Amino acid sequence: MHELAPDVYVETNLHHSNPGFIVTEDGVVCIDSPLIPSEARAWRATIAEISGGMPILYVIVTDHHRGHCLGSQWLSDTVIAHEQAWKHMRNYSENFKQRVRDSFKRKPEIRAQFDELEIIVPSITFQDRLTLVHGEKVIRILHVGGHTPATSMVWLPAEKALFAGDIVWIDQHPFMTQANSEEWLAALEFVRELEPNYIVPGHGPICDVGTLDRLSDYLRFLRQRTLDLYNAGRSKQETASLLIPELKPWFPIPAERSPKIESQIRSGIGRVYDEHRKLDEAAEEAKAA
């Protein structure tokens, strides 16, 4: 675990997310949560030890994906998230819970831990920005989109520490199943403008603004090559087949994860292809009007 600044902590050694917490004079504010229930309970114990048993006021979730939000049940009943995250999470049904369990079917000891899974739906939502003030701690929650329509970051201006969620990926292919690449590039530029001393990505090591360039270059390359192939009349499927070999070498891929990462890249190409198609259709409609 790292202490980024006085009373600001983050854990980067968990596979599914980088949870953090801030100790204020009123209580503890958590940012995301461990996915595995045993890890979430251990995280709760760590928070209690460091804070001296102070109450957890809220859990801020940076998006609605399971790696960021499902551990909230072990931390607090009060969850803060963007309203788009709320729209998704309020519809997490028994079928969703079963899919979570089934994702660990090769690890039955972990799968069994999700038998008591409870979804804590956000009870505090926002559209653009939300500021929390507890004593001397000022915590700004900033909606940026990009990775998902709900993706938000947590900015501590006094400490110049940024919990960037899944806007920042280091040395790995970004997950783009719900992405908007134009928004994503704008969000990365916004991160640079904040000039944080520390960036906590949703997954992976703590970094600084200098490490963002590779991801920005990747997204620009993806956008341009997809546009080239779209303009050449290639279908979405053809575009993906041609681009996957060009994109795979950008970041290291463990051999055992190659099929999954390839599918992930294909999904991202499809999202960007649809972005270009929608822009093209809008331009045609504007001409006809």
# chains A, B, ... in the order shown; residues from 1 in each chain; ligands from 1

call {"tool": "residues_around", "arguments": {"residues": "Val144 of chain A", "least_positions_apart": "3", "cutoff": "9 Å", "atoms": "only C-alpha atoms", "output": "NGL selection string"}}
result
:A and (128 or 147-153 or 167 or 183-184 or 186-187 or 190)

call {"tool": "select_by_dssp", "arguments": {"residues": "segment 6-210 of chain A", "states": "strand (DSSP E)", "output": "ChimeraX atom specification"}}
result
/A:8-10,20-23,28-31,56-60,79-82,124-126,129-134,137-143,152-156,161-165,198-201

call {"tool": "select_by_dssp", "arguments": {"residues": "segment 115-221 of chain A", "states": "helix (DSSP H, G or I)", "output": "mmCIF file with N, CA and C atoms, in the first residue's frame"}}
result
data_model
loop_
_atom_site.group_PDB
_atom_site.id
_atom_site.type_symbol
_atom_site.label_atom_id
_atom_site.label_comp_id
_atom_site.auth_asym_id
_atom_site.auth_seq_id
_atom_site.Cartn_x
_atom_site.Cartn_y
_atom_site.Cartn_z
ATOM 1 N N ASP A 115 -21.606 -15.855 -3.241
ATOM 2 C CA ASP A 115 -22.966 -16.352 -2.978
ATOM 3 C C ASP A 115 -23.804 -15.316 -2.238
ATOM 4 N N GLU A 116 -23.139 -14.422 -1.512
ATOM 5 C CA GLU A 116 -23.857 -13.382 -0.765
ATOM 6 C C GLU A 116 -23.687 -12.010 -1.405
ATOM 7 N N SER A 181 -13.688 7.156 -28.135
ATOM 8 C CA SER A 181 -12.259 7.470 -28.225
ATOM 9 C C SER A 181 -11.988 8.969 -28.262
ATOM 10 N N GLU A 182 -12.892 9.741 -28.841
ATOM 11 C CA GLU A 182 -12.700 11.194 -28.870
ATOM 12 C C GLU A 182 -12.771 11.766 -27.454
ATOM 13 N N GLU A 183 -13.771 11.338 -26.686
ATOM 14 C CA GLU A 183 -13.872 11.762 -25.285
ATOM 15 C C GLU A 183 -12.657 11.312 -24.485
ATOM 16 N N TRP A 184 -12.177 10.127 -24.792
ATOM 17 C CA TRP A 184 -11.046 9.579 -24.052
ATOM 18 C C TRP A 184 -9.806 10.441 -24.259
ATOM 19 N N LEU A 185 -9.537 10.814 -25.492
ATOM 20 C CA LEU A 185 -8.381 11.678 -25.764
ATOM 21 C C LEU A 185 -8.531 13.025 -25.062
ATOM 22 N N ALA A 186 -9.747 13.566 -25.051
ATOM 23 C CA ALA A 186 -9.990 14.835 -24.356
ATOM 24 C C ALA A 186 -9.761 14.679 -22.856
ATOM 25 N N ALA A 187 -10.153 13.543 -22.303
ATOM 26 C CA ALA A 187 -9.949 13.302 -20.874
ATOM 27 C C ALA A 187 -8.466 13.224 -20.540
ATOM 28 N N LEU A 188 -7.677 12.585 -21.394
ATOM 29 C CA LEU A 188 -6.235 12.508 -21.163
ATOM 30 C C LEU A 188 -5.592 13.892 -21.217
ATOM 31 N N GLU A 189 -6.085 14.738 -22.111
ATOM 32 C CA GLU A 189 -5.563 16.099 -22.166
ATOM 33 C C GLU A 189 -5.950 16.874 -20.911
ATOM 34 N N PHE A 190 -7.137 16.631 -20.412
ATOM 35 C CA PHE A 190 -7.582 17.266 -19.175
ATOM 36 C C PHE A 190 -6.691 16.844 -18.003
ATOM 37 N N VAL A 191 -6.322 15.573 -17.971
ATOM 38 C CA VAL A 191 -5.411 15.097 -16.919
ATOM 39 C C VAL A 191 -4.104 15.868 -16.981
ATOM 40 N N ARG A 192 -3.577 16.079 -18.161
ATOM 41 C CA ARG A 192 -2.327 16.840 -18.305
ATOM 42 C C ARG A 192 -2.494 18.265 -17.781
ATOM 43 N N GLU A 193 -3.647 18.859 -18.057
ATOM 44 C CA GLU A 193 -3.883 20.239 -17.609
ATOM 45 C C GLU A 193 -3.944 20.342 -16.088
ATOM 46 N N LEU A 194 -4.389 19.282 -15.422
ATOM 47 C CA LEU A 194 -4.437 19.295 -13.960
ATOM 48 C C LEU A 194 -3.040 19.295 -13.351
ATOM 49 N N VAL A 209 2.168 12.231 -15.591
ATOM 50 C CA VAL A 209 1.611 12.606 -16.893
ATOM 51 C C VAL A 209 2.479 12.137 -18.052
ATOM 52 N N GLY A 210 3.778 11.956 -17.822
ATOM 53 C CA GLY A 210 4.646 11.524 -18.906
ATOM 54 C C GLY A 210 4.299 10.160 -19.453
ATOM 55 N N THR A 211 3.634 9.336 -18.637
ATOM 56 C CA THR A 211 3.294 7.988 -19.079
ATOM 57 C C THR A 211 2.009 7.947 -19.911
ATOM 58 N N LEU A 212 1.337 9.075 -20.060
ATOM 59 C CA LEU A 212 0.078 9.100 -20.803
ATOM 60 C C LEU A 212 0.278 9.104 -22.307
ATOM 61 N N ASP A 213 1.475 9.473 -22.761
ATOM 62 C CA ASP A 213 1.687 9.683 -24.189
ATOM 63 C C ASP A 213 1.448 8.422 -25.005
ATOM 64 N N ARG A 214 1.890 7.283 -24.494
ATOM 65 C CA ARG A 214 1.742 6.040 -25.254
ATOM 66 C C ARG A 214 0.265 5.710 -25.470
ATOM 67 N N LEU A 215 -0.542 5.881 -24.453
ATOM 68 C CA LEU A 215 -1.969 5.614 -24.584
ATOM 69 C C LEU A 215 -2.612 6.599 -25.563
ATOM 70 N N SER A 216 -2.265 7.877 -25.467
ATOM 71 C CA SER A 216 -2.811 8.869 -26.401
ATOM 72 C C SER A 216 -2.422 8.524 -27.834
ATOM 73 N N ASP A 217 -1.161 8.145 -28.038
ATOM 74 C CA ASP A 217 -0.709 7.772 -29.386
ATOM 75 C C ASP A 217 -1.469 6.557 -29.908
ATOM 76 N N TYR A 218 -1.711 5.603 -29.034
ATOM 77 C CA TYR A 218 -2.465 4.398 -29.407
ATOM 78 C C TYR A 218 -3.871 4.770 -29.869
ATOM 79 N N LEU A 219 -4.541 5.613 -29.096
ATOM 80 C CA LEU A 219 -5.912 5.993 -29.450
ATOM 81 C C LEU A 219 -5.941 6.786 -30.756
ATOM 82 N N ARG A 220 -4.981 7.666 -30.952
ATOM 83 C CA ARG A 220 -4.934 8.426 -32.215
ATOM 84 C C ARG A 220 -4.673 7.507 -33.392
ATOM 85 N N PHE A 221 -3.745 6.573 -33.227
ATOM 86 C CA PHE A 221 -3.446 5.612 -34.288
ATOM 87 C C PHE A 221 -4.688 4.780 -34.611
#

call {"tool": "atom_distance", "arguments": {"atom1": "atom CA of His134 of chain A", "atom2": "atom CA of Leu57 of chain A"}}
result
10.3 Å

call {"tool": "atom_distance", "arguments": {"atom1": "atom CA of Arg234 of chain A", "atom2": "atom CA of Trp250 of chain A"}}
result
22.8 Å

call {"tool": "closest_residue", "arguments": {"among": "A:Ala85, A:Val28, A:Leu242, A:Ile265", "to": "Ile56 of chain A", "atoms": "only C-alpha atoms"}}
result
A:Val28

call {"tool": "atom_distance", "arguments": {"atom1": "atom CA of Pro6 of chain A", "atom2": "atom CA of Val138 of chain A"}}
result
13.1 Å

call {"tool": "closest_residue", "arguments": {"among": "A:Asn91, A:Thr131, A:Ser33, A:Ser267", "to": "Pro174 of chain A", "atoms": "only C-alpha atoms"}}
result
A:Ser267

call {"tool": "residues_around", "arguments": {"residues": "segment 101-103 of chain A", "least_positions_apart": "2", "cutoff": "8 Å", "atoms": "only C-alpha atoms", "output": "list in words"}}
result
Lys97, Gln98, Arg99, Lys105, Arg106, Arg111, Ala112, Phe114 and Asp115 of chain A

call {"tool": "write_last_selection", "arguments": {"atoms": "N, CA and C atoms", "output": "PDB file, in the first residue's frame"}}
result
ATOM      1  N   LYS A  97     -25.429 -11.227 -11.346  1.00  0.00           N
ATOM      2  CA  LYS A  97     -24.699 -11.831 -10.230  1.00  0.00           C
ATOM      3  C   LYS A  97     -24.190 -13.222 -10.596  1.00  0.00           C
ATOM      4  N   GLN A  98     -25.003 -13.963 -11.339  1.00  0.00           N
ATOM      5  CA  GLN A  98     -24.583 -15.309 -11.747  1.00  0.00           C
ATOM      6  C   GLN A  98     -23.403 -15.233 -12.704  1.00  0.00           C
ATOM      7  N   ARG A  99     -23.394 -14.238 -13.585  1.00  0.00           N
ATOM      8  CA  ARG A  99     -22.267 -14.078 -14.508  1.00  0.00           C
ATOM      9  C   ARG A  99     -20.987 -13.749 -13.741  1.00  0.00           C
ATOM     10  N   LYS A 105     -15.383 -19.622 -12.317  1.00  0.00           N
ATOM     11  CA  LYS A 105     -15.707 -21.046 -12.251  1.00  0.00           C
ATOM     12  C   LYS A 105     -14.455 -21.922 -12.140  1.00  0.00           C
ATOM     13  N   ARG A 106     -13.318 -21.409 -12.591  1.00  0.00           N
ATOM     14  CA  ARG A 106     -12.079 -22.168 -12.455  1.00  0.00           C
ATOM     15  C   ARG A 106     -11.419 -21.946 -11.091  1.00  0.00           C
ATOM     16  N   ARG A 111     -15.274 -18.247  -6.263  1.00  0.00           N
ATOM     17  CA  ARG A 111     -16.664 -18.247  -6.739  1.00  0.00           C
ATOM     18  C   ARG A 111     -17.642 -18.324  -5.578  1.00  0.00           C
ATOM     19  N   ALA A 112     -17.337 -19.155  -4.595  1.00  0.00           N
ATOM     20  CA  ALA A 112     -18.246 -19.336  -3.460  1.00  0.00           C
ATOM     21  C   ALA A 112     -18.406 -18.059  -2.648  1.00  0.00           C
ATOM     22  N   PHE A 114     -19.008 -15.206  -3.674  1.00  0.00           N
ATOM     23  CA  PHE A 114     -20.015 -14.321  -4.261  1.00  0.00           C
ATOM     24  C   PHE A 114     -21.443 -14.822  -4.052  1.00  0.00           C
ATOM     25  N   ASP A 115     -21.606 -15.855  -3.241  1.00  0.00           N
ATOM     26  CA  ASP A 115     -22.966 -16.352  -2.978  1.00  0.00           C
ATOM     27  C   ASP A 115     -23.804 -15.316  -2.238  1.00  0.00           C
TER      28      ASP A 115
END
